[in-house]
>>> print(open('data_30.csv').read())   # CSV, C-alpha atoms
chain,number,residue,atom,x,y,z
A,1,MET,CA,-6.6,18.6,-292.3
A,2,GLN,CA,-6.6,20.2,-288.8
A,3,SER,CA,-8.9,23.2,-288.3
A,4,ASP,CA,-7.3,26.6,-287.5
A,5,PRO,CA,-7.9,27.2,-283.7
A,6,VAL,CA,-8.9,30.9,-284.2
A,7,VAL,CA,-11.4,30.1,-287.0
A,8,PHE,CA,-12.7,27.2,-284.9
A,9,THR,CA,-13.2,29.4,-281.8
A,10,ILE,CA,-15.0,32.1,-283.8
A,11,PHE,CA,-17.2,29.4,-285.4
A,12,LEU,CA,-18.1,28.0,-281.9
A,13,ILE,CA,-18.8,31.4,-280.5
A,14,PHE,CA,-21.1,32.7,-283.3
A,15,THR,CA,-22.8,29.5,-284.2
A,16,GLY,CA,-23.4,28.7,-280.6
A,17,ALA,CA,-24.5,32.2,-279.9
A,18,ALA,CA,-27.0,32.1,-282.8
A,19,ILE,CA,-28.5,28.8,-281.4
A,20,LEU,CA,-28.7,30.0,-277.8
A,21,ALA,CA,-30.0,33.5,-278.8
A,22,THR,CA,-32.8,31.8,-280.7
A,23,LEU,CA,-33.7,29.8,-277.6
A,24,ALA,CA,-33.4,32.9,-275.4
A,25,LEU,CA,-35.8,34.9,-277.6
A,26,TYR,CA,-38.4,32.2,-277.5
A,27,ALA,CA,-37.9,32.1,-273.7
A,28,ARG,CA,-38.2,35.9,-273.5
A,29,GLN,CA,-34.7,36.3,-272.3
A,30,ALA,CA,-32.1,38.9,-273.3
A,31,MET,CA,-29.6,37.7,-275.9
A,32,ILE,CA,-26.8,38.9,-273.7
A,33,VAL,CA,-27.7,36.1,-271.2
A,34,ALA,CA,-27.3,33.6,-274.1
A,35,TYR,CA,-23.8,34.8,-274.8
A,36,ILE,CA,-22.7,34.5,-271.2
A,37,LEU,CA,-24.2,31.0,-270.8
A,38,LEU,CA,-22.5,29.9,-274.0
A,39,GLY,CA,-19.2,30.9,-272.5
A,40,ILE,CA,-19.9,29.0,-269.3
A,41,VAL,CA,-20.9,25.8,-271.3
A,42,ILE,CA,-18.2,25.6,-273.9
A,43,GLY,CA,-15.4,27.5,-272.1
A,44,PRO,CA,-12.4,26.0,-270.3
A,45,PHE,CA,-14.4,25.4,-267.1
A,46,GLY,CA,-17.3,23.8,-269.0
A,47,VAL,CA,-16.9,21.1,-271.7
A,48,GLY,CA,-13.6,22.8,-272.8
A,49,LEU,CA,-14.3,23.3,-276.5
A,50,VAL,CA,-12.7,26.7,-276.1
A,51,GLU,CA,-9.6,26.0,-273.9
A,52,ASP,CA,-8.1,29.5,-273.6
A,53,SER,CA,-10.4,32.4,-272.8
A,54,GLU,CA,-7.6,35.0,-272.4
A,55,VAL,CA,-7.3,35.6,-276.2
A,56,THR,CA,-11.1,36.1,-276.5
A,57,GLN,CA,-11.0,38.5,-273.5
A,58,GLU,CA,-8.4,40.6,-275.2
A,59,ILE,CA,-10.3,40.7,-278.5
A,60,ALA,CA,-13.6,41.4,-276.7
A,61,HIS,CA,-12.4,44.7,-275.1
A,62,ILE,CA,-12.2,46.1,-278.7
A,63,GLY,CA,-16.0,46.0,-278.7
A,64,ILE,CA,-16.1,48.2,-275.6
A,65,MET,CA,-13.8,50.7,-277.3
A,66,PHE,CA,-16.0,50.8,-280.4
A,67,LEU,CA,-19.1,51.2,-278.2
A,68,LEU,CA,-17.7,54.2,-276.4
A,69,PHE,CA,-16.4,55.7,-279.7
A,70,LEU,CA,-19.8,55.5,-281.2
A,71,LEU,CA,-21.3,57.1,-278.1
A,72,GLY,CA,-18.8,60.0,-278.4
A,73,LEU,CA,-19.8,60.6,-282.0
A,74,ASN,CA,-23.2,61.6,-280.9
A,75,LEU,CA,-22.2,64.0,-278.1
A,76,TYR,CA,-21.1,67.5,-278.9
A,77,PRO,CA,-18.3,68.7,-276.4
A,78,GLN,CA,-20.3,71.6,-275.1
A,79,LYS,CA,-23.4,69.4,-274.5
A,80,LEU,CA,-21.3,66.8,-272.8
A,81,LEU,CA,-19.8,69.2,-270.3
A,82,ALA,CA,-23.3,70.5,-269.5
A,83,LEU,CA,-24.5,67.0,-268.9
A,84,VAL,CA,-21.6,66.1,-266.7
A,85,LYS,CA,-22.1,69.2,-264.5
A,86,GLU,CA,-25.8,68.2,-264.1
A,87,THR,CA,-25.1,64.6,-262.9
A,88,THR,CA,-21.9,65.1,-260.9
A,89,LEU,CA,-23.7,65.3,-257.6
A,90,ILE,CA,-26.0,62.3,-258.4
A,91,THR,CA,-23.0,60.2,-259.4
A,92,GLY,CA,-21.0,61.2,-256.4
A,93,LEU,CA,-23.7,60.6,-253.9
A,94,SER,CA,-24.8,57.3,-255.4
A,95,SER,CA,-21.2,56.0,-255.7
A,96,LEU,CA,-20.5,56.9,-252.0
A,97,LEU,CA,-23.7,55.2,-250.9
A,98,PHE,CA,-23.1,52.0,-252.8
A,99,ALA,CA,-19.5,51.8,-251.6
A,100,LEU,CA,-20.8,51.9,-248.0
A,101,ILE,CA,-23.5,49.4,-248.7
A,102,GLY,CA,-21.0,47.1,-250.4
A,103,ALA,CA,-18.4,47.4,-247.6
A,104,ALA,CA,-21.1,46.8,-245.0
A,105,THR,CA,-22.4,43.7,-246.8
A,106,GLY,CA,-18.9,42.3,-247.1
A,107,TRP,CA,-18.3,42.9,-243.4
A,108,LEU,CA,-21.5,41.0,-242.6
A,109,LEU,CA,-20.4,38.2,-244.8
A,110,GLY,CA,-17.1,37.9,-242.9
A,111,PHE,CA,-14.5,39.3,-245.3
A,112,SER,CA,-11.4,41.3,-244.3
A,113,TRP,CA,-11.4,45.1,-244.2
A,114,SER,CA,-9.3,45.4,-247.4
A,115,GLU,CA,-11.7,43.0,-249.2
A,116,ASN,CA,-14.6,45.0,-247.9
A,117,LEU,CA,-13.1,48.2,-249.4
A,118,ILE,CA,-12.7,46.5,-252.8
A,119,ILE,CA,-16.2,44.9,-252.6
A,120,GLY,CA,-17.6,48.4,-251.8
A,121,GLY,CA,-15.7,50.0,-254.6
A,122,THR,CA,-16.9,47.5,-257.2
A,123,LEU,CA,-20.6,48.2,-256.3
A,124,MET,CA,-20.2,51.9,-257.2
A,125,PHE,CA,-20.4,51.3,-260.9
A,126,SER,CA,-23.1,50.3,-263.4
A,127,SER,CA,-22.5,48.4,-266.6
A,128,THR,CA,-21.7,50.7,-269.6
A,129,ILE,CA,-22.5,47.9,-272.0
A,130,ILE,CA,-25.9,46.9,-270.6
A,131,GLY,CA,-26.8,50.5,-269.8
A,132,LEU,CA,-26.2,51.6,-273.4
A,133,LYS,CA,-26.5,48.4,-275.5
A,134,LEU,CA,-30.1,48.0,-274.3
A,135,LEU,CA,-31.1,51.6,-275.1
A,136,PRO,CA,-32.9,52.2,-278.5
A,137,LEU,CA,-30.7,54.4,-280.7
A,138,THR,CA,-33.4,57.1,-280.8
A,139,VAL,CA,-33.3,57.3,-277.0
A,140,LEU,CA,-29.6,57.0,-276.8
A,141,HIS,CA,-28.9,59.8,-279.2
A,142,HIS,CA,-31.8,62.2,-279.0
A,143,LYS,CA,-33.6,61.8,-275.7
A,144,ARG,CA,-33.0,63.1,-272.2
A,145,THR,CA,-33.0,59.6,-270.8
A,146,GLY,CA,-30.0,58.6,-273.0
A,147,GLU,CA,-28.1,61.8,-272.2
A,148,VAL,CA,-28.4,61.3,-268.4
A,149,ILE,CA,-27.4,57.7,-268.6
A,150,ILE,CA,-24.3,58.5,-270.7
A,151,SER,CA,-23.2,61.3,-268.4
A,152,ILE,CA,-23.6,59.2,-265.2
A,153,LEU,CA,-21.7,56.2,-266.8
A,154,LEU,CA,-18.9,58.5,-268.0
A,155,LEU,CA,-18.3,59.9,-264.5
A,156,GLN,CA,-18.4,56.4,-263.0
A,157,ASP,CA,-15.9,55.2,-265.6
A,158,LEU,CA,-13.5,58.1,-264.6
A,159,ILE,CA,-13.9,57.1,-260.9
A,160,ALA,CA,-13.1,53.5,-261.9
A,161,ILE,CA,-10.0,54.5,-263.7
A,162,VAL,CA,-8.7,56.4,-260.7
A,163,ILE,CA,-9.3,53.2,-258.5
A,164,LEU,CA,-7.5,51.1,-261.1
A,165,LEU,CA,-4.6,53.4,-261.0
A,166,ILE,CA,-4.4,53.4,-257.2
A,167,LEU,CA,-4.4,49.6,-257.4
A,168,GLU,CA,-1.7,49.6,-260.0
A,169,THR,CA,0.5,51.8,-257.7
A,170,THR,CA,-0.1,49.7,-254.6
A,171,GLY,CA,3.2,48.7,-253.1
A,172,ARG,CA,4.9,51.7,-254.7
A,173,ALA,CA,3.5,54.3,-252.4
A,174,GLN,CA,6.2,56.8,-253.1
A,175,PHE,CA,5.0,57.1,-256.7
A,176,ALA,CA,1.3,56.9,-256.1
A,177,THR,CA,0.7,60.6,-255.6
A,178,LEU,CA,2.8,61.6,-258.6
A,179,GLU,CA,1.1,59.1,-260.9
A,180,LEU,CA,-2.3,60.3,-259.7
A,181,LEU,CA,-1.3,63.9,-260.4
A,182,LEU,CA,0.0,62.9,-263.9
A,183,LEU,CA,-3.4,61.2,-264.5
A,184,LEU,CA,-5.3,64.4,-263.7
A,185,LEU,CA,-3.1,66.4,-266.0
A,186,SER,CA,-3.1,63.8,-268.8
A,187,LEU,CA,-6.9,63.8,-269.3
A,188,PRO,CA,-7.3,67.4,-270.2
A,189,GLY,CA,-4.2,67.2,-272.3
A,190,LEU,CA,-5.5,64.3,-274.2
A,191,ILE,CA,-8.9,66.0,-274.8
A,192,LEU,CA,-7.1,69.2,-276.1
A,193,PHE,CA,-5.0,67.1,-278.5
A,194,ALA,CA,-8.0,65.2,-279.8
A,195,LEU,CA,-10.0,68.4,-280.4
A,196,LEU,CA,-7.1,70.2,-282.2
A,197,PHE,CA,-6.1,67.1,-284.3
A,198,SER,CA,-9.7,66.5,-285.2
A,199,ARG,CA,-10.3,70.1,-286.2
A,200,TYR,CA,-7.2,70.7,-288.2
A,201,VAL,CA,-6.3,67.3,-289.6
A,202,LEU,CA,-9.2,64.8,-289.6
A,203,VAL,CA,-12.0,67.2,-290.7
A,204,THR,CA,-9.7,68.4,-293.5
A,205,LEU,CA,-9.1,64.8,-294.7
A,206,ILE,CA,-12.8,64.0,-294.3
A,207,SER,CA,-13.8,67.0,-296.4
A,208,ARG,CA,-11.3,66.2,-299.1
A,209,PHE,CA,-12.2,62.5,-299.5
A,210,ASP,CA,-15.8,62.3,-298.1
A,211,LYS,CA,-17.0,60.5,-301.2
A,212,ILE,CA,-14.7,57.6,-300.7
A,213,GLN,CA,-16.6,55.6,-298.1
A,214,GLU,CA,-13.9,52.9,-297.6
A,215,TYR,CA,-11.3,55.6,-296.7
A,216,ILE,CA,-13.6,57.2,-294.2
A,217,PHE,CA,-14.3,53.8,-292.6
A,218,LEU,CA,-10.5,53.2,-292.3
A,219,LEU,CA,-9.8,56.7,-291.0
A,220,ALA,CA,-12.4,56.3,-288.3
A,221,ILE,CA,-11.1,52.9,-287.1
A,222,GLY,CA,-7.5,54.2,-287.2
A,223,TRP,CA,-8.5,57.3,-285.2
A,224,CYS,CA,-10.5,55.3,-282.6
A,225,LEU,CA,-7.7,52.8,-282.0
A,226,GLY,CA,-5.0,55.4,-282.2
A,227,MET,CA,-6.5,57.5,-279.5
A,228,ALA,CA,-7.2,54.4,-277.4
A,229,GLU,CA,-3.5,53.5,-277.5
A,230,LEU,CA,-2.5,57.1,-276.7
A,231,ALA,CA,-4.7,57.1,-273.7
A,232,ALA,CA,-3.2,53.9,-272.4
A,233,ALA,CA,0.3,55.3,-272.9
A,234,VAL,CA,-0.5,58.3,-270.7
A,235,GLY,CA,-2.0,56.2,-267.9
A,236,LEU,CA,-5.7,56.3,-268.9
A,237,SER,CA,-7.8,53.4,-270.3
A,238,HIS,CA,-8.3,52.4,-273.9
A,239,GLU,CA,-12.0,53.0,-273.4
A,240,ILE,CA,-11.6,56.6,-272.3
A,241,GLY,CA,-9.4,57.3,-275.3
A,242,ALA,CA,-11.9,55.8,-277.7
A,243,PHE,CA,-14.7,57.9,-276.1
A,244,ILE,CA,-12.6,61.1,-276.5
A,245,ALA,CA,-11.9,60.2,-280.1
A,246,GLY,CA,-15.6,60.0,-280.8
A,247,VAL,CA,-16.5,63.3,-279.0
A,248,ALA,CA,-13.7,65.1,-281.0
A,249,LEU,CA,-15.4,64.0,-284.3
A,250,ALA,CA,-19.0,64.6,-283.1
A,251,THR,CA,-19.1,68.0,-284.9
A,252,SER,CA,-18.1,66.5,-288.2
A,253,PRO,CA,-20.9,66.5,-290.7
A,254,ILE,CA,-20.1,62.8,-291.6
A,255,SER,CA,-20.3,61.6,-288.0
A,256,ASP,CA,-23.6,59.8,-288.6
A,257,PHE,CA,-22.2,57.9,-291.5
A,258,ILE,CA,-19.2,56.8,-289.4
A,259,ALA,CA,-21.5,55.7,-286.6
A,260,ASP,CA,-23.7,53.6,-288.9
A,261,SER,CA,-20.7,51.9,-290.6
A,262,LEU,CA,-19.0,50.9,-287.4
A,263,ARG,CA,-22.1,49.6,-285.6
A,264,PRO,CA,-21.9,46.0,-287.0
A,265,LEU,CA,-18.2,45.8,-286.1
A,266,ARG,CA,-19.1,46.9,-282.5
A,267,ASP,CA,-21.7,44.2,-282.2
A,268,PHE,CA,-19.3,41.5,-283.4
A,269,PHE,CA,-16.8,42.3,-280.7
A,270,LEU,CA,-19.5,42.7,-278.0
A,271,VAL,CA,-20.7,39.1,-278.6
A,272,ILE,CA,-17.2,38.0,-278.0
A,273,PHE,CA,-17.0,40.1,-274.8
A,274,PHE,CA,-20.0,38.5,-273.2
A,275,PHE,CA,-18.9,35.0,-274.3
A,276,SER,CA,-15.4,35.6,-272.7
A,277,LEU,CA,-17.0,36.7,-269.5
A,278,GLY,CA,-18.9,33.4,-269.2
A,279,ALA,CA,-15.8,31.4,-270.3
A,280,SER,CA,-13.7,33.0,-267.5
A,281,LEU,CA,-15.9,31.7,-264.7
A,282,ASN,CA,-14.7,28.6,-262.8
A,283,LEU,CA,-17.9,26.9,-261.7
A,284,GLU,CA,-16.3,24.8,-258.9
A,285,ILE,CA,-14.9,27.9,-257.1
A,286,LEU,CA,-18.0,29.9,-257.9
A,287,MET,CA,-20.2,27.4,-256.0
A,288,ASP,CA,-18.3,28.2,-252.8
A,289,VAL,CA,-19.4,31.9,-253.0
A,290,LEU,CA,-22.8,31.3,-254.5
A,291,ILE,CA,-24.9,32.3,-251.4
A,292,PRO,CA,-22.8,35.5,-250.6
A,293,ALA,CA,-23.0,36.4,-254.3
A,294,LEU,CA,-26.8,36.0,-254.3
A,295,VAL,CA,-26.9,38.3,-251.3
A,296,ILE,CA,-24.8,41.0,-253.0
A,297,ALA,CA,-26.6,40.7,-256.3
A,298,ALA,CA,-30.0,41.0,-254.7
A,299,THR,CA,-28.9,44.0,-252.7
A,300,VAL,CA,-27.7,45.7,-255.9
A,301,LEU,CA,-30.8,44.8,-258.0
A,302,ILE,CA,-33.1,46.1,-255.3
A,303,LEU,CA,-31.4,49.2,-254.0
A,304,LYS,CA,-29.7,50.7,-257.1
A,305,PRO,CA,-33.0,51.4,-259.0
A,306,ILE,CA,-34.4,52.9,-255.8
A,307,VAL,CA,-31.4,55.1,-255.1
A,308,PHE,CA,-31.1,56.4,-258.6
A,309,LYS,CA,-34.8,57.1,-258.8
A,310,VAL,CA,-34.8,59.1,-255.6
A,311,LEU,CA,-31.7,61.1,-256.5
A,312,LEU,CA,-32.8,61.9,-260.0
A,313,GLN,CA,-36.3,63.0,-258.9
A,314,LYS,CA,-34.6,65.3,-256.3
A,315,SER,CA,-32.6,66.8,-259.2
A,316,GLY,CA,-35.8,67.6,-261.1
A,317,GLU,CA,-36.2,64.6,-263.4
A,318,SER,CA,-39.7,63.2,-263.9
A,319,ALA,CA,-40.8,60.2,-261.8
A,320,GLN,CA,-41.2,58.0,-264.9
A,321,ARG,CA,-37.8,58.9,-266.4
A,322,SER,CA,-36.1,58.5,-263.0
A,323,ARG,CA,-37.6,55.1,-262.5
A,324,GLU,CA,-36.5,53.9,-266.0
A,325,ILE,CA,-32.9,55.2,-265.6
A,326,GLY,CA,-32.7,53.5,-262.2
A,327,PHE,CA,-33.5,50.1,-263.6
A,328,ARG,CA,-31.2,50.6,-266.6
A,329,LEU,CA,-28.3,51.4,-264.2
A,330,GLY,CA,-29.3,48.7,-261.7
A,331,GLN,CA,-26.4,46.3,-262.0
A,332,ILE,CA,-22.7,46.0,-261.4
A,333,SER,CA,-20.1,47.0,-264.0
A,334,GLU,CA,-17.6,45.3,-266.2
A,335,PHE,CA,-15.1,47.7,-264.6
A,336,SER,CA,-15.8,45.8,-261.4
A,337,LEU,CA,-14.4,42.7,-262.9
A,338,LEU,CA,-11.2,44.5,-263.8
A,339,ILE,CA,-10.9,45.9,-260.3
A,340,ALA,CA,-11.5,42.4,-258.8
A,341,MET,CA,-8.8,40.8,-260.9
A,342,LEU,CA,-6.3,43.5,-260.4
A,343,ALA,CA,-6.8,43.5,-256.6
A,344,LEU,CA,-6.3,39.8,-256.6
A,345,ASP,CA,-3.1,40.1,-258.7
A,346,HIS,CA,-1.7,42.6,-256.1
A,347,GLY,CA,-2.7,40.4,-253.1
A,348,ILE,CA,-5.2,42.9,-251.8
A,349,ILE,CA,-8.0,40.4,-251.8
A,350,GLY,CA,-8.1,36.6,-251.9
A,351,HIS,CA,-9.5,34.3,-254.5
A,352,ARG,CA,-12.8,33.9,-252.7
A,353,ALA,CA,-13.5,37.7,-252.6
A,354,SER,CA,-12.4,38.0,-256.3
A,355,TYR,CA,-14.8,35.2,-257.4
A,356,LEU,CA,-17.5,36.7,-255.2
A,357,ILE,CA,-17.3,40.0,-257.1
A,358,GLN,CA,-17.2,38.2,-260.5
A,359,LEU,CA,-20.2,36.0,-259.8
A,360,SER,CA,-22.2,38.9,-258.3
A,361,THR,CA,-21.5,41.0,-261.4
A,362,VAL,CA,-22.6,38.2,-263.8
A,363,LEU,CA,-25.8,37.6,-261.8
A,364,THR,CA,-26.7,41.2,-261.9
A,365,PHE,CA,-25.9,41.3,-265.7
A,366,ILE,CA,-28.4,38.4,-266.2
A,367,ALA,CA,-31.1,39.6,-263.9
A,368,SER,CA,-30.9,43.3,-265.0
A,369,SER,CA,-30.9,42.4,-268.7
A,370,TYR,CA,-34.0,40.3,-268.1
A,371,ILE,CA,-35.8,43.1,-266.2
A,372,ILE,CA,-34.9,45.7,-268.8
A,373,VAL,CA,-35.8,43.6,-271.8
A,374,LEU,CA,-39.2,42.7,-270.4
A,375,ARG,CA,-40.2,46.2,-269.0
A,376,PHE,CA,-38.6,48.9,-271.2
A,377,PRO,CA,-38.0,49.6,-274.9
A,378,THR,CA,-34.9,47.9,-276.2
A,379,PRO,CA,-33.6,46.9,-279.6
A,380,ILE,CA,-33.8,43.2,-278.6
A,381,ALA,CA,-37.2,43.2,-276.8
A,382,VAL,CA,-39.1,40.0,-277.2
A,383,THR,CA,-42.4,41.8,-277.8
A,384,ASP,CA,-43.3,44.1,-280.7
A,385,ASP,CA,-44.6,46.8,-278.3
A,386,LEU,CA,-41.2,47.2,-276.6
A,387,ARG,CA,-38.9,46.7,-279.5
A,388,ARG,CA,-37.2,49.9,-280.6
A,389,ASP,CA,-34.2,50.3,-282.9
>>> encode(input="data_30.csv", output="structure tokens")
Amino acid sequence: MQSDPVVFTIFLIFTGAAILATLALYARQAMIVAYILLGIVIGPFGVGLVEDSEVTQEIAHIGIMFLLFLLGLNLYPQKLLALVKETTLITGLSSLLFALIGAATGWLLGFSWSENLIIGGTLMFSSTIIGLKLLPLTVLHHKRTGEVIISILLLQDLIAIVILLILETTGRAQFATLELLLLLLSLPGLILFALLFSRYVLVTLISRFDKIQEYIFLLAIGWCLGMAELAAAVGLSHEIGAFIAGVALATSPISDFIADSLRPLRDFFLVIFFFSLGASLNLEILMDVLIPALVIAATVLILKPIVFKVLLQKSGESAQRSREIGFRLGQISEFSLLIAMLALDHGIIGHRASYLIQLSTVLTFIASSYIIVLRFPTPIAVTDDLRRD
């Protein structure tokens, strides 16, 4: 009897992840690194046990949506606006600086001006998954460190969405301005709809059936995915829609229960996300850009913590908190991978530049995860002193 390919793929991912995660913990490595390495080894460019990584990539993005939904559940709208105002200047200055550093590095490495612009753009962002997945829940939900990180990442994600939209409209210049305008109008409209629907429909349903936990679980998933689809329909990303869905429910008295019930589901999809990231890497092509990727990765890993530390201290944060936030944001983002692939599809950059960005991103993922797990409190720390749930 032939095994079902979907079941077999899930078996390979989670059995392999369990084995490599065990080895990673003994070696004092972050488990995220194990998931990426597993994808490289058994993916289509490794031994080929998983031949098609596109399906896993599509499934994996659900994990990012649930991650942002859970973050939104712990942020009251008024508090979120105050945090965004505080970090707008920091995010803007750091993004501009890293864009210039990235473009200059690309120029020194011999890439074209359009490729330098894309390389610079991809360096502006830090990883939402690593920045938040490696934060203890007590820090993420109730401490100033978590609040600052969330607000910076949210603003970066909005900038990334604008860049993705610009890339989507490349070649259709007559529509680009109109679509950007519609994007700016759709975001507040989506927020208003979410707040009104949550207040007059969801809260009523939750209050009426709050004792039926299965119903609350289903309602939360439906609301999260529904808002994600609505956001995509109006030109935003699924992730932003999921985040707005969470914020709209943050004032509900049952938001803590929803967050707790969805957390295992989020982790399930995030394992697949990091596996699919490793599985998408073609090692033969990557070797051609290994040296340039090491240069860019080293530049990011060294400069990002320093820049964020200086900017945060200038804004009034303590030296210790500024240093920790700098390291937690000291990598390239999963949004950078999307930008690189979209720019390649539209012929703005070549395969070499695209793979350079992808490899640089993965290298910073691995190195940054290693640094954070060994130096700061995380849920997956390898020592009891640093392990925080």
>>> atom_distance(input="data_30.csv", atom1="CA of Phe275 in chain A", atom2="CA of Val289 in chain A")
21.5 Å
>>> closest_residue(input="data_30.csv", among="A:Ser368, A:Ser261, A:Ser252, A:Ser360", to="Ile296 in chain A", atoms="all atoms listed in the file")
A:Ser360
>>> residues_around(input="data_30.csv", residues="Ser112 in chain A", least_positions_apart="3", cutoff="10 Å", atoms="only C-alpha atoms", output="PyMOL selection string")
chain A and resi 103+106-107+109+115-117+348-350+353
>>> residues_around(input="data_30.csv", residues="Leu73 in chain A", least_positions_apart="2", cutoff="9 Å", atoms="all atoms listed in the file", output="ChimeraX atom specification")
/A:68-71,75-76,243,245-252,255-256,258-259
>>> residues_around(input="data_30.csv", residues="Arg352 in chain A", least_positions_apart="5", cutoff="10 Å", atoms="all atoms listed in the file", output="PyMOL selection string")
chain A and resi 111+115+285-286+288-289+344+357-358
>>> residues_around(input="data_30.csv", residues="range 194-203 of chain A", least_positions_apart="2", cutoff="10 Å", atoms="only C-alpha atoms", output="ChimeraX atom specification")
/A:77,188-192,205-210,216,219-220,223,227,241,244-254
>>> closest_residue(input="data_30.csv", among="A:Leu153, A:Pro292, A:Asn282, A:Phe8", to="Val47 in chain A", atoms="all atoms listed in the file")
A:Asn282
>>> atom_distance(input="data_30.csv", atom1="CA of Leu132 in chain A", atom2="CA of Gly146 in chain A")
8.0 Å
>>> residues_around(input="data_30.csv", residues="range 85-101 of chain A", least_positions_apart="4", cutoff="9 Å", atoms="all atoms listed in the file", output="JSON, numbers by chain")
{"A": [80, 81, 105, 106, 117, 118, 119, 120, 121, 122, 123, 124, 125, 148, 151, 152, 153, 155, 156, 299, 300, 303, 304, 307, 308, 311, 312, 315]}
>>> closest_residue(input="data_30.csv", among="A:Phe66, A:Phe257, A:Phe376, A:Phe365", to="Ala34 in chain A", atoms="all atoms listed in the file")
A:Phe365
>>> closest_residue(input="data_30.csv", among="A:Ile332, A:Ile166, A:Ile240, A:Val50", to="Ile129 in chain A", atoms="all atoms listed in the file")
A:Ile332
>>> residues_near_point(input="data_30.csv", point="(-34.3, 52.8, -262.3)", cutoff="9 Å", atoms="only C-alpha atoms", output="MDAnalysis selection string")
chainID A and resid 304:309 321:330
>>> atom_distance(input="data_30.csv", atom1="CA of Val271 in chain A", atom2="CA of Ile36 in chain A")
8.9 Å
>>> closest_residue(input="data_30.csv", among="A:Glu147, A:Asp345, A:Glu334, A:Glu51", to="Ser126 in chain A", atoms="all atoms listed in the file")
A:Glu334
>>> closest_residue(input="data_30.csv", among="A:Ala160, A:Ile371, A:Leu83, A:Val33", to="Phe273 in chain A", atoms="all atoms listed in the file")
A:Val33
